[in-house]
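Student: You'll find protein-v2.txt just under this line, and it carries compact mmCIF, C-alpha atoms and all ligand atoms.
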# COMPACT_ATOMS: atom_id res chain seq x y z
CA MET X 1 117.24 116.84 97.36
CA LYS X 2 116.17 117.90 100.85
CA PRO X 3 112.90 117.24 102.68
CA LEU X 4 110.45 120.12 102.33
CA TYR X 5 109.73 120.71 106.02
CA ARG X 6 108.74 124.35 105.66
CA GLU X 7 106.16 123.50 103.00
CA ARG X 8 104.79 120.65 105.12
CA LEU X 9 104.36 122.98 108.09
CA ARG X 10 102.67 125.55 105.86
CA ARG X 11 100.17 122.93 104.67
CA LEU X 12 99.48 121.81 108.24
CA ARG X 13 98.76 125.40 109.26
CA ALA X 14 96.41 125.87 106.31
CA SER X 15 94.56 122.73 107.33
CA MET X 16 94.43 123.89 110.97
CA ALA X 17 92.98 127.23 109.90
CA ALA X 18 90.33 125.46 107.80
CA LYS X 19 89.39 123.36 110.84
CA LYS X 20 89.46 126.37 113.18
CA LEU X 21 92.23 124.96 115.35
CA ASP X 22 94.42 127.49 117.18
CA ALA X 23 97.03 124.81 117.85
CA ALA X 24 97.70 121.18 117.03
CA LEU X 25 99.39 118.49 119.09
CA VAL X 26 101.17 115.85 117.01
CA THR X 27 101.86 112.54 118.76
CA ASP X 28 102.18 109.97 115.96
CA LEU X 29 105.92 109.41 115.48
CA LYS X 30 105.69 109.02 111.68
CA ASN X 31 103.80 112.30 111.51
CA ILE X 32 106.45 113.92 113.70
CA ARG X 33 109.15 112.59 111.39
CA TYR X 34 107.22 113.98 108.40
CA LEU X 35 107.01 117.44 109.94
CA THR X 36 110.35 117.74 111.75
CA GLY X 37 112.79 115.09 110.48
CA PHE X 38 113.13 113.45 113.92
CA THR X 39 113.64 109.67 113.77
CA GLY X 40 113.69 108.82 117.50
CA SER X 41 111.00 107.15 119.56
CA SER X 42 109.90 109.81 122.06
CA ALA X 43 108.52 113.13 120.86
CA TYR X 44 105.62 115.54 120.63
CA ALA X 45 105.13 118.50 118.36
CA VAL X 46 102.95 121.50 119.15
CA VAL X 47 102.14 123.88 116.31
CA SER X 48 100.21 127.16 116.24
CA ALA X 49 99.76 129.72 113.48
CA ASP X 50 103.13 131.31 114.25
CA LYS X 51 105.00 128.93 116.57
CA ALA X 52 106.29 125.38 116.28
CA PHE X 53 107.74 123.45 119.21
CA PHE X 54 109.34 120.03 119.25
CA LEU X 55 109.42 118.26 122.63
CA THR X 56 111.51 115.24 123.55
CA ASP X 57 113.17 113.64 126.56
CA PRO X 58 116.83 114.02 127.61
CA ARG X 59 117.95 110.84 125.76
CA TYR X 60 117.36 112.70 122.50
CA THR X 61 118.96 116.07 123.25
CA ALA X 62 121.84 115.58 120.78
CA GLN X 63 119.85 113.68 118.14
CA SER X 64 117.02 116.20 118.06
CA GLY X 65 119.57 119.02 117.73
CA GLU X 66 120.93 117.35 114.59
CA GLU X 67 117.70 116.16 113.01
CA VAL X 68 114.90 118.58 113.84
CA LYS X 69 114.38 121.38 111.32
CA GLY X 70 112.20 124.46 111.69
CA PHE X 71 110.98 123.75 115.24
CA ARG X 72 112.12 125.11 118.60
CA ILE X 73 113.29 122.21 120.75
CA ARG X 74 112.25 121.69 124.37
CA ILE X 75 113.57 118.84 126.49
CA PHE X 76 111.00 117.59 128.98
CA LYS X 77 111.02 115.68 132.24
CA LYS X 78 107.25 115.23 132.31
CA ALA X 79 105.97 115.06 128.76
CA LEU X 80 102.34 116.04 129.13
CA GLU X 81 103.11 118.80 131.66
CA THR X 82 105.47 120.36 129.12
CA VAL X 83 102.91 119.94 126.34
CA ALA X 84 100.30 121.69 128.50
CA GLN X 85 102.72 124.48 129.40
CA THR X 86 103.60 125.03 125.73
CA VAL X 87 99.94 125.13 124.71
CA GLY X 88 99.29 127.57 127.57
CA GLU X 89 102.02 129.92 126.32
CA MET X 90 100.43 129.88 122.87
CA LYS X 91 97.13 131.03 124.39
CA ALA X 92 95.35 128.56 122.13
CA GLY X 93 91.58 128.32 122.59
CA SER X 94 91.28 125.06 120.69
CA LEU X 95 93.88 122.28 120.49
CA GLY X 96 93.53 119.63 117.80
CA PHE X 97 94.96 116.24 118.69
CA GLU X 98 95.39 112.94 116.87
CA SER X 99 92.50 111.09 118.41
CA GLY X 100 93.33 107.95 116.44
CA SER X 101 96.71 107.54 118.10
CA VAL X 102 96.28 108.93 121.64
CA SER X 103 95.41 106.36 124.29
CA PHE X 104 92.50 107.06 126.59
CA ASP X 105 94.94 107.25 129.52
CA ASN X 106 97.09 109.87 127.80
CA TYR X 107 94.01 111.81 126.75
CA SER X 108 92.81 111.92 130.35
CA ARG X 109 96.22 112.96 131.67
CA LEU X 110 96.57 115.64 129.00
CA ALA X 111 93.11 117.04 129.75
CA LYS X 112 94.05 117.22 133.42
CA ALA X 113 97.42 118.87 132.74
CA LEU X 114 95.78 121.51 130.53
CA ARG X 115 93.54 122.60 133.42
CA GLY X 116 91.03 124.10 131.00
CA LYS X 117 93.66 126.18 129.19
CA ALA X 118 92.52 124.88 125.78
CA ARG X 119 89.61 122.88 124.41
CA LEU X 120 90.76 119.49 123.11
CA LYS X 121 89.36 118.84 119.63
CA PRO X 122 89.68 115.33 118.17
CA SER X 123 91.31 115.78 114.75
CA PRO X 124 91.76 112.34 113.21
CA GLY X 125 93.69 112.33 109.96
CA LEU X 126 94.89 115.94 110.36
CA ILE X 127 98.37 115.00 109.15
CA SER X 128 97.73 111.71 107.35
CA ALA X 129 95.57 113.75 104.95
CA LEU X 130 98.64 115.89 104.19
CA ARG X 131 100.79 112.80 103.73
CA ARG X 132 98.56 111.24 101.08
CA VAL X 133 100.13 113.32 98.33
CA LYS X 134 103.88 112.80 98.31
CA ASP X 135 106.32 115.63 97.67
CA SER X 136 109.29 115.30 95.33
CA PHE X 137 111.66 114.31 98.14
CA GLU X 138 109.38 111.51 99.22
CA ILE X 139 108.82 110.24 95.69
CA GLU X 140 112.59 110.01 95.24
CA LYS X 141 112.92 107.98 98.46
CA ILE X 142 110.02 105.70 97.56
CA ARG X 143 111.53 105.08 94.13
CA ASP X 144 114.76 104.00 95.81
CA ALA X 145 112.92 101.62 98.16
CA ALA X 146 110.96 100.15 95.22
CA LYS X 147 114.14 99.64 93.20
CA LEU X 148 115.79 97.78 96.06
CA LEU X 149 112.66 95.66 96.34
CA ASP X 150 112.86 94.64 92.67
CA ARG X 151 116.43 93.50 93.27
CA GLY X 152 115.13 91.52 96.23
CA PHE X 153 112.65 89.76 93.95
CA ALA X 154 115.46 88.66 91.66
CA HIS X 155 117.03 87.14 94.78
CA ALA X 156 113.72 85.61 95.91
CA MET X 157 113.47 83.76 92.61
CA LYS X 158 116.76 82.07 93.49
CA VAL X 159 115.89 81.08 97.06
CA ALA X 160 112.12 80.44 97.19
CA VAL X 161 112.58 77.30 95.10
CA PRO X 162 111.49 73.66 95.45
CA GLY X 163 113.19 72.05 98.46
CA ALA X 164 113.64 75.35 100.34
CA VAL X 165 111.92 75.96 103.68
CA GLU X 166 109.77 79.12 103.47
CA ARG X 167 111.25 80.68 106.62
CA GLN X 168 114.84 80.05 105.49
CA ALA X 169 114.09 81.69 102.14
CA ALA X 170 112.56 84.65 104.00
CA PHE X 171 115.68 84.97 106.15
CA SER X 172 117.91 84.97 103.07
CA ILE X 173 115.77 87.70 101.51
CA GLU X 174 115.90 89.82 104.68
CA THR X 175 119.70 89.48 104.74
CA PHE X 176 119.80 90.56 101.10
CA PHE X 177 117.90 93.78 101.91
CA ARG X 178 119.84 94.55 105.10
CA LYS X 179 123.20 94.15 103.36
CA ARG X 180 122.07 96.74 100.84
CA GLY X 181 121.16 99.41 103.35
CA ALA X 182 117.57 98.62 104.33
CA GLU X 183 116.78 99.64 107.92
CA SER X 184 114.43 96.70 108.23
CA LEU X 185 111.74 94.88 106.36
CA ALA X 186 108.57 96.88 105.75
CA PHE X 187 106.69 93.89 107.25
CA ASP X 188 107.32 90.21 107.89
CA THR X 189 107.95 88.58 104.51
CA ILE X 190 105.05 86.53 103.22
CA ILE X 191 106.08 83.32 101.51
CA ALA X 192 103.03 81.10 101.16
CA SER X 193 103.48 77.97 99.06
CA GLY X 194 100.92 75.40 97.98
CA GLU X 195 97.68 75.42 99.99
CA ARG X 196 99.13 78.10 102.29
CA GLY X 197 98.77 80.54 99.38
CA ALA X 198 95.09 80.70 100.23
CA LEU X 199 96.05 82.74 103.32
CA PRO X 200 96.34 86.32 102.04
CA HIS X 201 98.80 87.06 104.87
CA GLY X 202 100.59 83.70 105.14
CA LYS X 203 103.84 84.62 106.87
CA ALA X 204 106.76 82.37 105.91
CA SER X 205 106.49 79.12 107.89
CA GLU X 206 108.49 75.93 108.44
CA LYS X 207 106.83 74.44 105.36
CA ARG X 208 109.11 73.17 102.63
CA ILE X 209 108.31 74.38 99.10
CA LYS X 210 107.41 71.47 96.84
CA LYS X 211 107.39 70.95 93.08
CA GLY X 212 104.23 71.97 91.26
CA GLU X 213 103.13 74.56 93.81
CA LEU X 214 102.18 78.20 93.53
CA VAL X 215 104.37 80.37 95.77
CA VAL X 216 103.03 83.78 96.82
CA VAL X 217 105.90 86.11 97.81
CA ASP X 218 104.85 89.47 99.27
CA MET X 219 107.62 91.60 100.67
CA GLY X 220 108.85 95.10 101.31
CA ALA X 221 111.98 96.92 102.37
CA LEU X 222 112.21 100.00 104.57
CA LEU X 223 114.87 102.31 103.16
CA ASN X 224 115.58 105.83 104.46
CA GLY X 225 112.27 105.80 106.33
CA TYR X 226 110.16 104.87 103.29
CA ASN X 227 108.39 101.57 102.64
CA SER X 228 108.03 99.48 99.54
CA ASP X 229 105.54 96.69 98.88
CA GLU X 230 105.29 94.19 96.03
CA THR X 231 103.90 90.69 95.49
CA ARG X 232 104.65 88.08 92.88
CA THR X 233 103.30 84.57 92.57
CA PHE X 234 105.63 81.96 91.12
CA VAL X 235 105.05 78.36 90.17
CA THR X 236 107.52 75.58 90.88
CA GLY X 237 107.49 73.44 87.76
CA ARG X 238 105.15 73.31 84.78
CA PRO X 239 101.88 75.01 85.71
CA THR X 240 98.58 73.09 85.57
CA PRO X 241 95.79 74.54 83.40
CA LYS X 242 94.00 75.83 86.53
CA GLN X 243 97.14 77.48 87.90
CA LYS X 244 97.59 79.17 84.52
CA GLU X 245 93.95 80.24 84.38
CA VAL X 246 93.85 81.75 87.88
CA TYR X 247 97.17 83.53 87.32
CA GLY X 248 95.83 84.97 84.06
CA VAL X 249 92.66 86.25 85.73
CA VAL X 250 94.62 88.02 88.49
CA ARG X 251 96.99 89.52 85.97
CA ASP X 252 94.11 90.82 83.86
CA ALA X 253 92.38 92.15 87.00
CA GLN X 254 95.50 94.05 87.99
CA ALA X 255 95.96 95.46 84.48
CA ALA X 256 92.31 96.62 84.42
CA ALA X 257 92.75 98.37 87.78
CA ILE X 258 96.04 100.03 86.79
CA GLU X 259 94.33 101.24 83.61
CA ARG X 260 91.78 103.16 85.71
CA VAL X 261 94.33 104.96 87.89
CA ARG X 262 94.20 108.69 87.19
CA PRO X 263 93.80 111.89 89.24
CA GLY X 264 90.14 112.58 90.01
CA VAL X 265 89.12 108.92 89.82
CA LYS X 266 87.49 107.39 92.90
CA ALA X 267 89.63 104.72 94.57
CA ALA X 268 86.51 102.52 94.68
CA VAL X 269 86.35 102.64 90.87
CA VAL X 270 89.89 101.24 90.64
CA ASP X 271 88.89 98.49 93.07
CA LEU X 272 85.78 97.73 91.05
CA ALA X 273 87.81 97.35 87.85
CA ALA X 274 89.85 94.52 89.41
CA ARG X 275 86.83 93.04 91.18
CA GLY X 276 84.84 93.02 87.95
CA VAL X 277 87.44 90.95 86.08
CA ILE X 278 87.72 88.43 88.92
CA GLY X 279 83.94 88.24 89.36
CA LYS X 280 83.34 87.72 85.64
CA ALA X 281 85.78 84.82 85.65
CA GLY X 282 83.76 83.19 88.45
CA TYR X 283 86.23 83.76 91.28
CA GLY X 284 84.53 86.73 92.97
CA LYS X 285 84.04 85.01 96.32
CA TYR X 286 87.78 84.26 96.49
CA PHE X 287 88.85 87.93 96.49
CA GLY X 288 88.07 89.18 99.98
CA HIS X 289 90.38 92.15 100.50
CA GLY X 290 90.65 95.63 99.01
CA THR X 291 92.61 96.27 95.81
CA GLY X 292 95.29 98.47 97.33
CA HIS X 293 96.50 101.11 99.77
CA GLY X 294 98.75 104.11 100.04
CA VAL X 295 102.44 103.56 100.86
CA GLY X 296 104.95 105.97 102.37
CA LEU X 297 106.36 106.45 105.85
CA ASP X 298 103.80 103.79 106.82
CA ILE X 299 103.36 100.56 104.89
CA HIS X 300 99.58 100.98 104.94
CA GLU X 301 98.35 104.54 104.77
CA SER X 302 95.71 106.66 103.12
CA PRO X 303 94.17 106.35 100.52
CA GLY X 304 92.45 102.97 100.74
CA LEU X 305 91.44 101.27 97.48
CA GLY X 306 88.50 99.16 98.61
CA PRO X 307 84.87 98.87 97.54
CA THR X 308 83.67 101.21 100.33
CA SER X 309 86.47 103.80 100.05
CA ASP X 310 85.45 107.45 99.69
CA ASP X 311 88.97 108.47 98.66
CA VAL X 312 89.65 110.13 95.33
CA LEU X 313 93.02 109.70 93.61
CA GLU X 314 95.26 112.75 93.31
CA GLU X 315 98.45 113.40 91.42
CA GLY X 316 101.42 112.52 93.64
CA MET X 317 99.78 109.71 95.59
CA VAL X 318 101.68 106.43 95.81
CA ILE X 319 99.42 103.40 95.93
CA THR X 320 99.54 99.64 95.52
CA VAL X 321 97.37 97.65 93.13
CA GLU X 322 97.12 94.09 94.41
CA PRO X 323 94.17 91.91 93.48
CA GLY X 324 94.29 88.23 94.39
CA ILE X 325 92.38 84.96 94.29
CA TYR X 326 92.57 82.66 97.34
CA ILE X 327 91.01 79.21 97.07
CA PRO X 328 90.94 77.24 100.33
CA GLY X 329 92.59 73.84 99.99
CA TRP X 330 94.11 74.78 96.64
CA GLY X 331 96.27 77.89 96.98
CA GLY X 332 96.38 81.50 95.91
CA VAL X 333 97.66 84.07 93.45
CA ARG X 334 98.31 87.75 94.14
CA ILE X 335 100.16 90.27 91.99
CA GLU X 336 101.02 93.60 93.57
CA ASP X 337 102.80 96.66 92.28
CA MET X 338 103.39 100.16 93.55
CA ALA X 339 102.19 103.01 91.37
CA LEU X 340 102.69 106.76 91.40
CA VAL X 341 99.56 108.62 90.35
CA THR X 342 100.62 111.04 87.59
CA LYS X 343 98.48 113.31 85.47
CA ASN X 344 98.74 110.74 82.66
CA GLY X 345 97.79 107.76 84.83
CA ALA X 346 99.73 105.16 86.81
CA GLU X 347 103.50 105.08 86.66
CA LEU X 348 104.59 101.72 88.06
CA LEU X 349 107.45 102.02 90.54
CA THR X 350 108.04 98.26 90.84
CA SER X 351 109.09 96.41 87.71
CA THR X 352 109.69 92.70 88.41
CA THR X 353 108.19 90.75 85.50
CA ARG X 354 104.49 90.03 85.71
CA ASP X 355 104.86 86.99 83.45
CA PHE X 356 104.12 83.66 85.13
CA VAL X 357 107.63 82.69 86.26
CA ILE X 358 108.53 79.02 86.72
CA LEU X 359 111.06 78.47 89.52
ZN ZN G 1 102.24 93.52 99.87
ZN ZN G 2 100.22 95.91 99.95
Translate this file's structure into structure tokens.

Tutor:
Amino acid sequence: MKPLYRERLRRLRASMAAKKLDAALVTDLKNIRYLTGFTGSSAYAVVSADKAFFLTDPRYTAQSGEEVKGFRIRIFKKALETVAQTVGEMKAGSLGFESGSVSFDNYSRLAKALRGKARLKPSPGLISALRRVKDSFEIEKIRDAAKLLDRGFAHAMKVAVPGAVERQAAFSIETFFRKRGAESLAFDTIIASGERGALPHGKASEKRIKKGELVVVDMGALLNGYNSDETRTFVTGRPTPKQKEVYGVVRDAQAAAIERVRPGVKAAVVDLAARGVIGKAGYGKYFGHGTGHGVGLDIHESPGLGPTSDDVLEEGMVITVEPGIYIPGWGGVRIEDMALVTKNGAELLTSTTRDFVIL
């Protein structure tokens, strides 16, 4: 299967027309990859209703020639001068730009280079809105990344065990992914044992994992440009009644949220389903973050599944569902899976057991 660049460009143009933009300047590198296929670190794309230019510097002449599809390539010496020249040739009255990812300095320099040739219109989310719904190529890549991640969890269960140092276990897991083709981790592996589990983002530390502790393992692999993200909480030795209880509440909360996933449902409703279960059990004040997020070329992308989210789920979105309970001085439990929104509901892409595993 090949990436659907032509269709992506068509959708961008439809969105530009709806927003009355004559041209759009794309500066976010993930968005450029999405539209053109380019994987390097220096690029701009300028798109109008009938033209599409890709601009890069001389280091990427050969690479852009191989990777970029459907765009005319220009090699620049001065990036913003070339952007301004290209926009000028398009005779665009209005130029949308990604105001969320352009620095104030670059904005000022671009405005100067344009010399009034086009009106700059802040267009936050112009492309991230297109990326929310994944196409078939992307879903295939995300499935692959999720599968590799499940294999990584089988490995984690062997190395995040009593006596192991969290950071050493994390290193072993990273090696496991890299040996199997991952470009990198999706983010620094979280291994938070014992009291550290109360830190929702407790990066692996020099702490040694002890017997009788909860161990939160949250990790992801980046494979072929696409991220994966999954969390399991293990227990080292026979669980105490409270460890069992908290684990059970989080598991029920996650199941309730997954149950609500369906096209047309508000993301906030999915969040509320998890929050309701945790609140009812008396742990509401220990669940401070949102229930999930979109995953794709970025590890955290639209939609957001929090209490204040205005997003509505659509078929083809890939989201996480990850409620947790974090009790200071005691520890934490989080269970996270990736789900594809299908017309019948959530299809889970990660499949490591959700039973309470004793390591
Ligand atoms: Zn995660
Ligand atoms: Zn996540």

Student: Pick out the closest residue to ligand ZN 2 (chain G) from this set: X:Glu174, X:Glu259, X:Asp218, X:Glu347. Count all atoms listed in the file.

Tutor: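 For ligand ZN 2 (chain G), the nearest of the candidates is X:Asp218.
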
Student: Could you check the closest approach to X:Ala146 for each of X:Leu223, X:Arg196, X:Lys30, X:Tyr326 and tell me which residue wins, using all atoms listed in the file?

Tutor: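 Selected residue with least distance to X:Ala146: X:Leu223.
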
Student: At a cut-off of 8 Å, can you tabulate as a Markdown table every residue of chain X near ligand ZN 1 (chain G) together with its closest atom pair and the distance in Å to one decimal, using only C-alpha atoms and all ligand atoms and ordering rows by chain then number?

Tutor:
| residue | atom | partner | partner_atom | distance |
| --- | --- | --- | --- | --- |
| X:Asp218 | CA | G:ZN1 | ZN | 4.9 |
| X:Met219 | CA | G:ZN1 | ZN | 5.8 |
| X:Gly220 | CA | G:ZN1 | ZN | 6.9 |
| X:Asp229 | CA | G:ZN1 | ZN | 4.7 |
| X:Glu230 | CA | G:ZN1 | ZN | 4.9 |
| X:Thr231 | CA | G:ZN1 | ZN | 5.5 |
| X:Thr320 | CA | G:ZN1 | ZN | 8.0 |
| X:Glu322 | CA | G:ZN1 | ZN | 7.5 |
| X:Glu336 | CA | G:ZN1 | ZN | 6.4 |

Student: Any idea what's packed within 8 Å of X:Leu222, counting all atoms listed in the file, ignoring anything in its chain fewer than 2 positions away? Could you give it as a PyMOL selection string?

Tutor: chain X and resi 145+182-186+220+224-228

Student: For the residues in the current selection, export C-alpha atoms as an mmCIF file, keeping the file's coordinate frame.

Tutor:
data_model
loop_
_atom_site.group_PDB
_atom_site.id
_atom_site.type_symbol
_atom_site.label_atom_id
_atom_site.label_comp_id
_atom_site.auth_asym_id
_atom_site.auth_seq_id
_atom_site.Cartn_x
_atom_site.Cartn_y
_atom_site.Cartn_z
ATOM 1 C CA ALA X 145 112.920 101.620 98.160
ATOM 2 C CA ALA X 182 117.570 98.620 104.330
ATOM 3 C CA GLU X 183 116.780 99.640 107.920
ATOM 4 C CA SER X 184 114.430 96.700 108.230
ATOM 5 C CA LEU X 185 111.740 94.880 106.360
ATOM 6 C CA ALA X 186 108.570 96.880 105.750
ATOM 7 C CA GLY X 220 108.850 95.100 101.310
ATOM 8 C CA ASN X 224 115.580 105.830 104.460
ATOM 9 C CA GLY X 225 112.270 105.800 106.330
ATOM 10 C CA TYR X 226 110.160 104.870 103.290
ATOM 11 C CA ASN X 227 108.390 101.570 102.640
ATOM 12 C CA SER X 228 108.030 99.480 99.540
#

Student: Given a cut-off of 12 Å, what residues near ligand ZN 2 (chain G) show up using all atoms listed in the file, put as an MDAnalysis selection string?

Tutor: chainID X and resid 186:187 189:190 200:201 217:220 227:232 289:296 298:301 304:305 318:324 334:339

Student: I want to know what sits within 7 Å of stretch 97-114 of chain X, based on all atoms listed in the file, with residues of the same chain fewer than 6 positions away left out; could you give that as an MDAnalysis selection string?

Tutor: chainID X and resid 24:28 80:81 84 120:124

Student: Write out as a ChimeraX atom specification each polymer residue whose atoms come within 9 Å of stretch 245-253 of chain X, counting all atoms listed in the file; drop sequence neighbours fewer than 3 positions from it.

Tutor: /X:233,240-242,256-258,273-278,281,283,322-325,332-335,354-356

Student: Find the distance between atom CA of X:Val68 and atom CA of X:Leu95 and write it in Å to one decimal.

Tutor: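 Between atom CA of X:Val68 and atom CA of X:Leu95 the gap is 22.4 Å.
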
Student: May I ask for the distance between atom CA of X:Gly125 and atom CA of X:Val47, given in Å to one decimal place?

Tutor: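 We find that atom CA of X:Gly125 and atom CA of X:Val47 lie 15.7 Å from each other.
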
Student: Rounded to one decimal, what separation in Å do you get between atom CA of X:Arg260 and atom CA of X:Leu272?

Tutor: 9.7 Å

Student: Extract, using all atoms listed in the file, all DNA, RNA and protein residues at most 8 Å from X:Lys77, discarding same-chain residues fewer than 4 positions from it, and format them as a PyMOL selection string.

Tutor: chain X and resi 57-58+82

Student: Of the residues X:Gly88, X:Gly96, X:Gly329, X:Pro239, which is the one nearest to X:Ala17, using only C-alpha atoms?

Tutor: X:Gly96

Student: Any idea what's packed within 10 Å of X:Ala154, counting all atoms listed in the file, ignoring anything in its chain fewer than 4 positions away? Could you give it as a list in words?

Tutor: Leu149, Asp150, Lys158, Val159, Ile173, Thr352 and Thr353 of chain X

Student: When you count all atoms listed in the file, which of these residues is closest to X:Ser205: X:Ile358, X:Arg180, X:Val165, X:Arg238?

Tutor: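 Using all atoms listed in the file, X:Ser205 sits closest to X:Val165.
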
Student: Go through X:Ser94, X:Ala14, X:Phe53, X:Phe176 one by one, measure the shortest atom-to-atom distance of each to X:Leu148 using all atoms listed in the file, and give the residue with the smallest value.

Tutor: X:Phe176

Student: Between X:Leu348, X:Ala79, X:Ala198, X:Val216, which one has atoms that come closest to X:Gln254, using all atoms listed in the file?

Tutor: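 The shortest atom-to-atom distance to X:Gln254 comes from X:Leu348.
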
Student: Filtering to C-alpha atoms, could stretch 40-66 of chain X of the supplied structure be written out as a PDB file, in the first residue's frame?

Tutor:
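Final output, selection_1.pdb:
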ATOM      1  CA  GLY X  40      14.268  15.391   6.467  1.00  0.00           C
ATOM      2  CA  SER X  41      14.585  18.266   8.902  1.00  0.00           C
ATOM      3  CA  SER X  42      14.500  21.393   6.732  1.00  0.00           C
ATOM      4  CA  ALA X  43      11.518  22.118   4.506  1.00  0.00           C
ATOM      5  CA  TYR X  44       8.572  24.323   3.642  1.00  0.00           C
ATOM      6  CA  ALA X  45       5.585  23.598   1.461  1.00  0.00           C
ATOM      7  CA  VAL X  46       3.545  26.228  -0.354  1.00  0.00           C
ATOM      8  CA  VAL X  47       0.213  25.166  -1.805  1.00  0.00           C
ATOM      9  CA  SER X  48      -2.358  27.065  -3.877  1.00  0.00           C
ATOM     10  CA  ALA X  49      -5.487  25.869  -5.664  1.00  0.00           C
ATOM     11  CA  ASP X  50      -3.454  24.635  -8.639  1.00  0.00           C
ATOM     12  CA  LYS X  51       0.207  24.641  -7.590  1.00  0.00           C
ATOM     13  CA  ALA X  52       2.238  22.827  -4.949  1.00  0.00           C
ATOM     14  CA  PHE X  53       5.864  23.651  -4.188  1.00  0.00           C
ATOM     15  CA  PHE X  54       8.252  21.920  -1.839  1.00  0.00           C
ATOM     16  CA  LEU X  55      11.240  23.976  -0.668  1.00  0.00           C
ATOM     17  CA  THR X  56      14.368  22.661   1.010  1.00  0.00           C
ATOM     18  CA  ASP X  57      18.057  23.478   1.380  1.00  0.00           C
ATOM     19  CA  PRO X  58      20.933  22.007  -0.673  1.00  0.00           C
ATOM     20  CA  ARG X  59      21.669  19.231   1.880  1.00  0.00           C
ATOM     21  CA  TYR X  60      18.392  17.605   0.849  1.00  0.00           C
ATOM     22  CA  THR X  61      18.588  17.877  -2.946  1.00  0.00           C
ATOM     23  CA  ALA X  62      18.967  14.116  -3.488  1.00  0.00           C
ATOM     24  CA  GLN X  63      16.700  13.009  -0.639  1.00  0.00           C
ATOM     25  CA  SER X  64      13.848  15.305  -1.641  1.00  0.00           C
ATOM     26  CA  GLY X  65      14.144  14.054  -5.229  1.00  0.00           C
ATOM     27  CA  GLU X  66      13.581  10.508  -3.984  1.00  0.00           C
TER      28      GLU X  66
END
